[in-house]
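Coordinates as given in data_7.tsv (TSV, C-alpha atoms and all ligand atoms):
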chain	number	residue	atom	x	y	z
O	123	MET	CA	113.37	88.31	127.87
O	124	VAL	CA	110.23	89.60	126.19
O	125	ARG	CA	109.60	88.36	122.69
O	126	ILE	CA	107.36	90.37	120.38
O	127	ALA	CA	105.28	88.00	118.28
O	128	ARG	CA	102.34	89.72	116.61
O	129	VAL	CA	103.22	93.08	115.12
O	130	ALA	CA	101.19	95.57	113.11
O	131	VAL	CA	103.24	96.59	110.06
O	132	ARG	CA	102.60	99.60	107.90
O	133	THR	CA	102.10	98.81	104.23
O	134	THR	CA	100.96	100.87	101.24
O	135	GLN	CA	98.05	103.35	101.41
O	136	ARG	CA	98.55	103.86	105.16
O	137	GLN	CA	97.17	100.41	105.84
O	138	THR	CA	98.47	98.22	108.61
O	139	ARG	CA	98.54	94.44	108.69
O	140	ARG	CA	99.27	92.17	111.60
O	141	VAL	CA	102.19	89.82	111.04
O	142	ASP	CA	103.50	87.08	113.26
O	143	LEU	CA	107.25	87.34	113.85
O	144	SER	CA	107.22	84.12	115.89
O	145	THR	CA	107.01	82.18	112.63
O	146	PHE	CA	110.62	83.18	111.90
O	147	HIS	CA	113.66	81.39	113.33
O	148	ARG	CA	115.24	83.47	116.09
O	149	VAL	CA	118.13	83.01	118.54
O	150	PRO	CA	118.45	85.08	121.74
O	151	LEU	CA	121.44	87.42	121.63
O	152	GLY	CA	120.20	90.58	123.33
O	153	THR	CA	118.34	91.59	126.48
O	154	TRP	CA	114.89	92.88	125.60
O	155	PRO	CA	113.23	95.23	126.16
O	156	THR	CA	116.14	97.65	126.27
O	157	PRO	CA	115.61	100.56	128.67
O	158	LEU	CA	113.84	103.74	127.59
O	159	ASP	CA	115.62	106.43	129.61
O	160	THR	CA	113.91	109.68	130.51
O	161	CYS	CA	116.68	112.24	130.31
O	162	PRO	CA	115.68	115.30	132.36
O	163	ARG	CA	119.00	117.13	132.24
O	164	LEU	CA	119.49	116.55	128.51
O	165	SER	CA	115.87	117.58	127.90
O	166	ALA	CA	116.32	120.79	129.92
O	167	ALA	CA	119.48	121.61	127.99
O	168	LEU	CA	117.63	121.20	124.67
O	169	GLY	CA	114.31	122.80	125.69
O	170	ALA	CA	112.40	119.66	124.65
O	171	THR	CA	111.63	116.19	125.98
O	172	VAL	CA	114.19	113.59	124.90
O	173	LEU	CA	113.81	109.90	125.69
O	174	VAL	CA	116.76	107.67	124.85
O	175	LYS	CA	116.10	104.09	123.75
O	176	ARG	CA	119.14	102.21	125.03
O	177	ASP	CA	119.81	99.65	122.32
O	178	ASP	CA	123.47	100.17	123.23
O	179	VAL	CA	123.16	98.14	126.43
O	180	GLY	CA	122.82	94.42	127.07
O	181	GLY	CA	123.53	91.27	125.16
O	182	VAL	CA	126.61	89.61	123.74
O	183	GLY	CA	129.70	91.40	122.41
O	184	LEU	CA	129.13	94.65	124.38
O	185	GLY	CA	125.67	95.07	122.84
O	186	GLY	CA	124.25	97.24	120.10
O	187	SER	CA	121.57	97.48	117.45
O	188	LYS	CA	123.03	94.79	115.24
O	189	LEU	CA	122.05	92.09	117.72
O	190	ARG	CA	118.41	92.68	116.84
O	191	LYS	CA	119.17	91.82	113.22
O	192	LEU	CA	121.52	88.95	114.00
O	193	GLU	CA	118.86	87.20	116.11
O	194	PHE	CA	116.95	86.59	112.86
O	195	THR	CA	119.77	86.20	110.33
O	196	LEU	CA	121.94	83.85	112.38
O	197	ALA	CA	118.96	81.74	113.40
O	198	ALA	CA	118.11	81.29	109.72
O	199	ALA	CA	121.75	80.42	108.97
O	200	LEU	CA	121.77	77.78	111.73
O	201	ALA	CA	118.49	76.34	110.48
O	202	ALA	CA	120.07	76.06	107.01
O	203	GLY	CA	122.97	74.06	108.48
O	204	ALA	CA	125.62	76.77	108.18
O	205	ASP	CA	128.92	76.48	110.05
O	206	THR	CA	130.50	79.75	108.88
O	207	ILE	CA	129.31	83.34	108.58
O	208	ILE	CA	130.96	85.76	106.17
O	209	THR	CA	130.18	89.44	106.38
O	210	PHE	CA	131.44	92.90	105.42
O	211	GLY	CA	132.08	96.32	106.84
O	212	GLY	CA	134.52	99.13	107.33
O	213	VAL	CA	137.62	98.45	109.43
O	214	GLN	CA	135.80	99.51	112.63
O	215	THR	CA	132.42	97.93	111.80
O	216	ASN	CA	130.08	97.35	114.75
O	217	HIS	CA	128.10	94.84	112.72
O	218	GLY	CA	131.32	92.87	112.25
O	219	ARG	CA	132.16	92.96	115.96
O	220	LEU	CA	128.69	91.79	116.96
O	221	THR	CA	128.61	89.12	114.25
O	222	ALA	CA	131.95	87.84	115.60
O	223	ALA	CA	130.62	87.80	119.18
O	224	ALA	CA	127.34	86.13	118.21
O	225	CYS	CA	129.19	83.52	116.15
O	226	ALA	CA	131.36	82.75	119.18
O	227	ARG	CA	128.20	82.30	121.27
O	228	LEU	CA	126.62	80.03	118.66
O	229	GLY	CA	129.70	77.99	117.75
O	230	LEU	CA	129.96	79.37	114.21
O	231	ARG	CA	133.15	80.39	112.37
O	232	CYS	CA	133.26	84.07	111.45
O	233	GLU	CA	135.06	85.63	108.48
O	234	LEU	CA	135.08	89.43	108.46
O	235	VAL	CA	135.89	91.10	105.15
O	236	LEU	CA	136.85	94.66	106.07
O	237	THR	CA	137.33	97.55	103.65
O	238	ARG	CA	139.47	100.62	104.36
O	239	SER	CA	136.64	103.07	103.70
O	240	VAL	CA	137.47	105.74	106.29
O	241	PRO	CA	140.41	108.15	105.91
O	242	ARG	CA	141.95	107.05	109.21
O	243	SER	CA	144.92	104.83	109.97
O	244	GLY	CA	147.52	104.23	112.67
O	245	PHE	CA	147.80	101.82	115.55
O	246	ALA	CA	144.55	102.81	117.31
O	247	TYR	CA	142.40	102.80	114.17
O	248	ASP	CA	143.87	99.68	112.59
O	249	ARG	CA	144.30	97.56	115.72
O	250	SER	CA	142.20	98.80	118.64
O	251	GLY	CA	138.45	99.36	119.15
O	252	ASN	CA	136.32	96.84	117.28
O	253	VAL	CA	139.32	95.28	115.51
O	254	ALA	CA	140.79	94.12	118.82
O	255	LEU	CA	137.38	92.80	119.87
O	256	ASP	CA	136.85	90.98	116.55
O	257	ARG	CA	140.09	89.11	117.19
O	258	LEU	CA	139.16	88.50	120.82
O	259	PHE	CA	135.95	86.82	119.64
O	260	GLY	CA	138.02	84.57	117.37
O	261	ALA	CA	136.98	86.00	113.99
O	262	ARG	CA	139.33	85.88	110.99
O	263	LEU	CA	139.91	89.33	109.46
O	264	HIS	CA	140.53	90.03	105.78
O	265	LEU	CA	141.56	93.62	105.05
O	266	CYS	CA	140.73	94.99	101.60
O	267	ASP	CA	141.33	98.32	99.87
O	268	THR	CA	138.23	98.44	97.66
O	269	ASP	CA	134.67	97.10	97.57
O	270	GLU	CA	135.60	95.05	94.49
O	271	GLU	CA	138.44	93.38	96.41
O	272	ALA	CA	136.04	92.75	99.31
O	273	ASP	CA	133.48	91.09	97.02
O	274	TYR	CA	136.19	88.93	95.45
O	275	THR	CA	137.57	87.96	98.89
O	276	ALA	CA	134.13	87.04	100.23
O	277	GLY	CA	133.44	85.01	97.11
O	278	ALA	CA	136.67	83.07	97.57
O	279	LEU	CA	135.81	82.33	101.22
O	280	ALA	CA	132.30	81.05	100.46
O	281	THR	CA	131.61	77.31	100.79
O	282	ALA	CA	128.54	75.08	100.67
O	283	THR	CA	128.10	75.55	104.42
O	284	SER	CA	128.75	79.29	104.72
O	285	VAL	CA	126.19	82.09	104.80
O	286	THR	CA	127.10	85.62	103.67
O	287	LEU	CA	125.39	88.54	105.38
O	288	PRO	CA	125.25	91.97	103.73
O	289	VAL	CA	126.96	95.09	105.07
O	290	GLY	CA	125.24	96.33	108.24
O	291	GLY	CA	123.23	93.11	108.48
O	292	SER	CA	120.37	94.77	106.57
O	293	SER	CA	118.95	91.78	104.75
O	294	GLY	CA	115.17	91.44	104.72
O	295	LEU	CA	115.36	89.08	107.69
O	296	GLY	CA	117.76	91.39	109.55
O	297	VAL	CA	115.38	94.34	109.22
O	298	LEU	CA	112.71	92.32	111.07
O	299	GLY	CA	114.77	92.96	114.20
O	300	TYR	CA	113.83	96.62	114.00
O	301	VAL	CA	110.20	95.86	113.18
O	302	ALA	CA	110.18	94.07	116.54
O	303	ALA	CA	112.01	97.01	118.13
O	304	ALA	CA	109.32	99.41	116.91
O	305	GLN	CA	106.68	97.29	118.59
O	306	GLU	CA	108.75	97.08	121.78
O	307	LEU	CA	109.05	100.87	121.83
O	308	THR	CA	105.32	101.32	121.22
O	309	GLU	CA	104.57	99.11	124.23
O	310	GLN	CA	107.03	101.02	126.42
O	311	LEU	CA	105.55	104.36	125.40
O	312	ASP	CA	102.06	103.09	126.21
O	313	ASP	CA	99.76	106.06	125.52
O	314	ARG	CA	102.54	108.63	125.50
O	315	VAL	CA	102.65	110.51	122.20
O	316	VAL	CA	106.03	111.31	120.68
O	317	ASP	CA	106.55	113.73	117.81
O	318	ARG	CA	109.32	111.76	116.15
O	319	ILE	CA	111.99	109.10	116.47
O	320	VAL	CA	115.56	110.03	115.57
O	321	CYS	CA	118.00	107.32	114.47
O	322	ALA	CA	121.24	107.02	112.52
O	323	ALA	CA	121.03	105.62	108.99
O	324	GLY	CA	123.92	103.59	107.61
O	325	SER	CA	122.80	100.56	105.60
O	326	GLY	CA	119.21	101.68	106.26
O	327	GLY	CA	117.83	98.65	108.08
O	328	THR	CA	117.23	100.34	111.42
O	329	ALA	CA	115.16	103.17	109.90
O	330	ALA	CA	113.39	100.75	107.54
O	331	GLY	CA	112.38	98.36	110.34
O	332	LEU	CA	111.16	101.21	112.53
O	333	ALA	CA	109.24	102.66	109.59
O	334	LEU	CA	107.51	99.34	108.97
O	335	GLY	CA	106.67	98.90	112.63
O	336	THR	CA	105.37	102.35	113.60
O	337	GLU	CA	103.38	105.29	112.26
O	338	THR	CA	105.46	107.78	114.27
O	339	PRO	CA	107.51	110.13	112.06
O	340	ILE	CA	111.15	109.07	111.79
O	341	THR	CA	114.16	111.30	111.22
O	342	ALA	CA	116.86	109.11	109.69
O	343	VAL	CA	120.21	110.87	110.03
O	344	SER	CA	122.62	109.91	107.26
O	345	VAL	CA	126.12	108.82	108.18
O	346	SER	CA	126.94	108.02	104.55
O	347	PRO	CA	125.43	109.11	101.21
O	348	GLY	CA	122.36	107.49	99.62
O	349	SER	CA	120.27	106.89	102.76
O	350	ALA	CA	116.84	107.33	101.14
O	351	ARG	CA	117.62	104.65	98.55
O	352	LYS	CA	119.11	102.29	101.15
O	353	ILE	CA	116.15	102.66	103.53
O	354	ASP	CA	113.69	102.07	100.69
O	355	ARG	CA	115.56	98.96	99.61
O	356	ALA	CA	115.80	97.57	103.15
O	357	ALA	CA	112.06	98.19	103.71
O	358	ARG	CA	111.18	96.39	100.47
O	359	LEU	CA	113.34	93.39	101.42
O	360	ALA	CA	111.67	93.15	104.84
O	361	ALA	CA	108.18	93.54	103.35
O	362	LYS	CA	109.00	90.62	101.07
O	363	GLU	CA	110.00	88.46	104.05
O	364	LEU	CA	106.73	89.42	105.73
O	365	ASP	CA	104.75	88.84	102.55
O	366	VAL	CA	103.15	92.30	102.72
O	367	ASP	CA	103.02	95.10	100.14
O	368	PRO	CA	106.08	97.38	100.05
O	369	PRO	CA	105.52	100.09	102.67
O	370	LYS	CA	104.89	103.75	101.98
O	371	LEU	CA	107.71	105.64	103.65
O	372	ASP	CA	106.18	109.11	103.73
O	373	HIS	CA	106.68	109.29	107.50
O	374	VAL	CA	110.48	108.94	107.11
O	375	SER	CA	112.57	112.04	106.48
O	376	VAL	CA	116.25	111.75	105.72
O	377	ASP	CA	118.47	114.37	107.37
O	378	GLU	CA	121.90	114.77	105.78
O	379	SER	CA	122.93	117.79	107.85
O	380	ALA	CA	125.43	115.94	110.04
O	381	LEU	CA	127.34	114.08	107.34
O	382	GLY	CA	130.34	116.43	107.35
O	383	GLU	CA	133.31	115.05	105.44
O	384	GLY	CA	131.68	111.64	105.23
O	385	TYR	CA	131.45	108.22	106.85
O	386	GLY	CA	133.54	107.78	109.96
O	387	VAL	CA	134.81	111.35	110.10
O	388	PRO	CA	133.57	113.12	113.24
O	389	THR	CA	132.67	116.82	113.03
O	390	ASP	CA	132.94	119.47	115.77
O	391	GLU	CA	129.18	119.11	116.26
O	392	VAL	CA	129.62	115.36	116.87
O	393	TRP	CA	132.21	115.97	119.56
O	394	SER	CA	129.92	118.61	121.15
O	395	ALA	CA	127.01	116.16	121.12
O	396	LEU	CA	129.18	113.52	122.80
O	397	ARG	CA	130.10	115.95	125.57
O	398	LEU	CA	126.46	117.06	125.96
O	399	PHE	CA	125.04	113.53	126.39
O	400	ALA	CA	127.94	112.49	128.62
O	401	ARG	CA	127.84	115.56	130.86
O	402	THR	CA	124.05	115.77	131.25
O	403	GLU	CA	123.12	112.08	131.46
O	404	GLY	CA	126.28	109.98	131.68
O	405	ILE	CA	125.40	108.46	128.29
O	406	VAL	CA	128.27	107.73	125.90
O	407	LEU	CA	127.51	108.09	122.19
O	408	ASP	CA	129.66	106.73	119.39
O	409	LEU	CA	131.45	108.97	116.90
O	410	VAL	CA	130.33	107.35	113.66
O	411	TYR	CA	126.56	106.82	114.04
O	412	THR	CA	124.82	108.07	117.19
O	413	GLY	CA	127.14	111.07	117.49
O	414	LYS	CA	126.02	112.24	114.05
O	415	ALA	CA	122.37	111.46	114.83
O	416	ALA	CA	122.71	113.47	118.04
O	417	ALA	CA	124.37	116.38	116.21
O	418	ALA	CA	121.34	116.52	113.89
O	419	LEU	CA	118.99	116.20	116.88
O	420	VAL	CA	120.66	119.15	118.64
O	421	SER	CA	120.65	121.42	115.58
O	422	GLY	CA	117.12	120.50	114.45
O	423	ILE	CA	115.18	120.18	117.69
O	424	ARG	CA	111.97	122.21	117.98
O	425	PRO	CA	111.11	123.81	121.34
O	426	GLY	CA	108.74	121.64	123.37
O	427	GLU	CA	108.71	118.61	121.08
O	428	THR	CA	109.00	115.06	122.41
O	429	VAL	CA	111.61	112.90	120.70
O	430	VAL	CA	112.79	109.32	121.08
O	431	PHE	CA	116.49	109.14	120.29
O	432	MET	CA	117.65	105.65	119.32
O	433	HIS	CA	121.02	104.87	120.89
O	434	THR	CA	122.10	102.08	118.59
O	435	GLY	CA	125.51	101.45	120.21
O	436	GLY	CA	128.92	101.57	118.58
O	437	VAL	CA	130.89	102.95	121.52
O	438	PRO	CA	133.77	100.41	121.31
O	439	ALA	CA	134.84	102.04	118.02
O	440	ASN	CA	135.49	105.30	119.88
O	441	PHE	CA	138.74	103.83	121.15
O	442	ALA	CA	139.95	103.58	117.56
O	443	TYR	CA	139.94	107.39	117.60
O	444	ALA	CA	142.16	107.42	120.69
O	445	PRO	CA	144.33	110.45	119.95
O	446	GLU	CA	141.34	112.71	119.11
O	447	LEU	CA	139.15	111.13	121.79
O	448	VAL	CA	141.67	111.95	124.50
O	449	ALA	CA	141.85	115.60	123.44
O	450	GLU	CA	138.12	116.13	122.77
O	451	ALA	CA	136.95	114.36	125.94
O	452	ALA	CA	138.92	116.83	128.04
O	453	ARG	CA	137.56	119.98	126.32
I	1	LIG	C1	126.13	101.89	116.19
I	1	LIG	C2	125.33	101.89	114.95
I	1	LIG	N1	124.26	102.68	114.87
I	1	LIG	C3	123.50	102.75	113.76
I	1	LIG	C4	123.83	102.01	112.65
I	1	LIG	C5	123.01	102.18	111.42
I	1	LIG	O1	122.14	101.14	111.24
I	1	LIG	P1	121.69	100.70	109.77
I	1	LIG	O2	122.92	100.14	109.11
I	1	LIG	O3	120.64	99.72	110.03
I	1	LIG	O4	121.23	101.93	109.07
I	1	LIG	C6	124.93	101.15	112.68
I	1	LIG	C7	125.30	100.34	111.50
I	1	LIG	O5	126.38	99.86	111.36
I	1	LIG	C8	125.70	101.08	113.86
I	1	LIG	O6	126.77	100.30	113.94

What do you get writing this file as structure tokens?
Amino acid sequence: MVRIARVAVRTTQRQTRRVDLSTFHRVPLGTWPTPLDTCPRLSAALGATVLVKRDDVGGVGLGGSKLRKLEFTLAAALAAGADTIITFGGVQTNHGRLTAAACARLGLRCELVLTRSVPRSGFAYDRSGNVALDRLFGARLHLCDTDEEADYTAGALATATSVTLPVGGSSGLGVLGYVAAAQELTEQLDDRVVDRIVCAAGSGGTAAGLALGTETPITAVSVSPGSARKIDRAARLAAKELDVDPPKLDHVSVDESALGEGYGVPTDEVWSALRLFARTEGIVLDLVYTGKAAAALVSGIRPGETVVFMHTGGVPANFAYAPELVAEAAR
């Protein structure tokens, strides 16, 4: 495993400052560096050069972007003497699944407070995908109908030895995981120049960490409303942890073109993007995050540009969409 210690972070006025991530507590949960796949058949299909950063592979709990955040947040919780982690998400949250898996690895109890925020129900959605995995990892699940109920439930579960992580794991410490990822990517690219990085934006921590760690333009594709505000907030929280000025985010552009009917609702363009990545490169995207990011990539790509597409994981949740998945996969 390669650990990134010294990182140049972007702060105000286009200045960069070197910070030392090795001063933070960290537990190993993933396999770094994740591969950077050259994708010749996908690139040919899009008339551009697309590299896919495979944060979907490796590590505990079937892998995914959230492990980068959990390496910092769970290490801090352990250092503080915690025995229980409480966190939030939608019913099919990937952050919840990976928190459950990481807690199992670290001997922590895990309480997942899940809100029915997606207009989907039925056996597959309510029981399969990440929900089945959460239970397999031994987490306790608390299903809520509203955010208010979720806050109340989490409050009632809290004890002197529990730590509560925010939705998506995007605390200031969590975002440091993607500051490290930006540095990892820079080292993999070596001298190769890329025009932009495309990633999905949910709670904003992935885009915020990348934005702190690299000067490369970032297209943050919204999977829920309010991305600009969430990314700004996540970047400020991380800057505070690093004790640097809040970063200028003028190299981040938020793309809301793939949102469709909202969080967790796949569009036709998402299904097309899934088939494209699968049939050109054998890469499986998820329907909620990377499928939307890929839909925006496909519709917005400029001829000849070079793009790094962040595959942040989430594929286990596809099985929660079993009836549609079966039909759309065969089209
Ligand atoms: C698979 C996947 N990709 C991307 C994201 C978005 O990351 P962030 O919440 O840091 O914006 C998430 C968040 O849940 C995710 O699960």

For chain O versus ligand LIG 1 (chain I), which residues have an atom no more than 9 Å away, and what is each residue's nearest atom pair and distance in Å rounded to one decimal, using all atoms listed in the file, chain-then-number order, as CSV?
residue,atom,partner,partner_atom,distance
O:Asp178,CA,I:LIG1,C1,7.7
O:Gly186,CA,I:LIG1,C1,6.4
O:Ser187,CA,I:LIG1,C2,6.3
O:Lys188,CA,I:LIG1,O6,6.8
O:Lys191,CA,I:LIG1,O3,8.6
O:Gly211,CA,I:LIG1,O5,8.1
O:Thr215,CA,I:LIG1,O5,6.4
O:Asn216,CA,I:LIG1,O6,4.5
O:His217,CA,I:LIG1,O5,5.5
O:Gly218,CA,I:LIG1,O5,8.6
O:Val289,CA,I:LIG1,O2,7.6
O:Gly290,CA,I:LIG1,O2,4.5
O:Gly291,CA,I:LIG1,O2,7.1
O:Ser292,CA,I:LIG1,O3,6.0
O:Gly296,CA,I:LIG1,O3,8.8
O:Val297,CA,I:LIG1,O3,7.6
O:Tyr300,CA,I:LIG1,O3,8.5
O:Cys321,CA,I:LIG1,C3,7.2
O:Ala322,CA,I:LIG1,C3,5.0
O:Ala323,CA,I:LIG1,O4,3.7
O:Gly324,CA,I:LIG1,O4,3.5
O:Ser325,CA,I:LIG1,O2,3.5
O:Gly326,CA,I:LIG1,O4,3.5
O:Gly327,CA,I:LIG1,O3,3.6
O:Thr328,CA,I:LIG1,O3,3.7
O:Ala329,CA,I:LIG1,O4,6.3
O:Ala330,CA,I:LIG1,O3,7.7
O:Gly331,CA,I:LIG1,O3,8.4
O:Ala342,CA,I:LIG1,O4,8.4
O:Ser344,CA,I:LIG1,O4,8.3
O:Val345,CA,I:LIG1,C5,8.0
O:Ser349,CA,I:LIG1,O4,8.1
O:Lys352,CA,I:LIG1,O4,8.2
O:Ile353,CA,I:LIG1,O4,7.6
O:Ala356,CA,I:LIG1,O3,8.7
O:Leu407,CA,I:LIG1,C1,8.7
O:Asp408,CA,I:LIG1,C1,6.8
O:Leu409,CA,I:LIG1,C1,8.9
O:Val410,CA,I:LIG1,C1,7.3
O:Tyr411,CA,I:LIG1,N1,4.8
O:Thr412,CA,I:LIG1,N1,5.9
O:Ala415,CA,I:LIG1,C3,8.8
O:Met432,CA,I:LIG1,N1,8.5
O:His433,CA,I:LIG1,N1,7.2
O:Thr434,CA,I:LIG1,N1,4.3
O:Gly435,CA,I:LIG1,C1,4.1
O:Gly436,CA,I:LIG1,C1,3.7
O:Val437,CA,I:LIG1,C1,7.2
O:Ala439,CA,I:LIG1,C1,8.9

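Minimum atom-to-atom distances from O:Thr133, O:Ser165, O:Thr283, O:Thr206 to O:Cys225 were compared using only C-alpha atoms, and the lowest value belongs to O:Thr206.
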
Is there a way to get, as a list in words, all residues within 12 Å of the point (145.1, 88.8, 108.6) in file coordinates, counting all atoms listed in the file? Glu233, Leu234, Val235, Leu236, Asp248, Arg249, Val253, Asp256, Arg257, Ala261, Arg262, Leu263, His264, Leu265 and Cys266 of chain O

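Between atom CA of O:Ala357 and atom CA of O:Thr336 the separation is 12.6 Å.
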
Identify which of the residues O:Ala167, O:Val131, O:Ala272, O:Ala417 lies closest to O:Thr402, counting all atoms listed in the file when measuring atom-to-atom distances.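 That would be O:Ala167, the residue with the smallest distance to O:Thr402.
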
If I put a ball of radius 6 Å at (144.3, 102.5, 122.8) in the file's coordinates, which residues poke into it when counting only C-alpha atoms, written as a PyMOL selection string? chain O and resi 246+250+441+444

For O:Ala282, find every residue with an atom within 10 Å (counting all atoms listed in the file), except residues of its own chain fewer than 3 positions away, and show them as a PDB file with C-alpha atoms, keeping the file's coordinate frame.
ATOM      1  CA  GLY O 203     122.970  74.060 108.480  1.00  0.00           C
ATOM      2  CA  ALA O 204     125.620  76.770 108.180  1.00  0.00           C
ATOM      3  CA  ASP O 205     128.920  76.480 110.050  1.00  0.00           C
ATOM      4  CA  THR O 206     130.500  79.750 108.880  1.00  0.00           C
ATOM      5  CA  VAL O 285     126.190  82.090 104.800  1.00  0.00           C
TER       6      VAL O 285
END

Between O:Val129, O:Leu192, O:Ala202, O:Ala197, which has the minimum distance to O:Gly335 (counting all atoms listed in the file)? O:Val129

Fewer than 3 positions away in the same chain doesn't count, so skip those; otherwise give me all residues within 8 Å of O:Gly152, counting all atoms listed in the file, as a PyMOL selection string. chain O and resi 180-182+185+189-190

Just give me the gap between atom CA of O:Ala449 and atom CA of O:Asp390 in Å, one decimal is fine.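 Atom CA of O:Ala449 sits 12.4 Å away from atom CA of O:Asp390.
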
Measuring atom to atom with only C-alpha atoms, identify which of O:Thr268, O:Val141, O:Pro347, O:Gln305 is nearest to O:Gly384. O:Pro347

Mind giving me the straight-line distance from atom CA of O:Ile208 to atom CA of O:Leu287 in Å, one decimal?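 Those two atoms sit 6.3 Å apart.
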
Shell of 9 Å around O:Thr171, only C-alpha atoms, local chain residues under 4 positions omitted, as a list in words: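 With the cut-off at 9 Å, the set is Thr160, Cys161, Pro162, Leu164, Ser165, Ala166, Pro425, Gly426, Glu427, Thr428, Val429 and Val430 of chain O.
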
In terms of only C-alpha atoms, the residue from O:Ile319, O:Leu184, O:Ile340, O:Leu334 at minimal distance from O:Thr153 is O:Leu184

Name the closest residue to O:Leu196 among the candidates O:Ala170, O:Asp177, O:Pro155, O:Ser293; distances are taken between atoms, counting only C-alpha atoms.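 Among O:Ala170, O:Asp177, O:Pro155, O:Ser293, it is O:Ser293 that comes nearest to O:Leu196.
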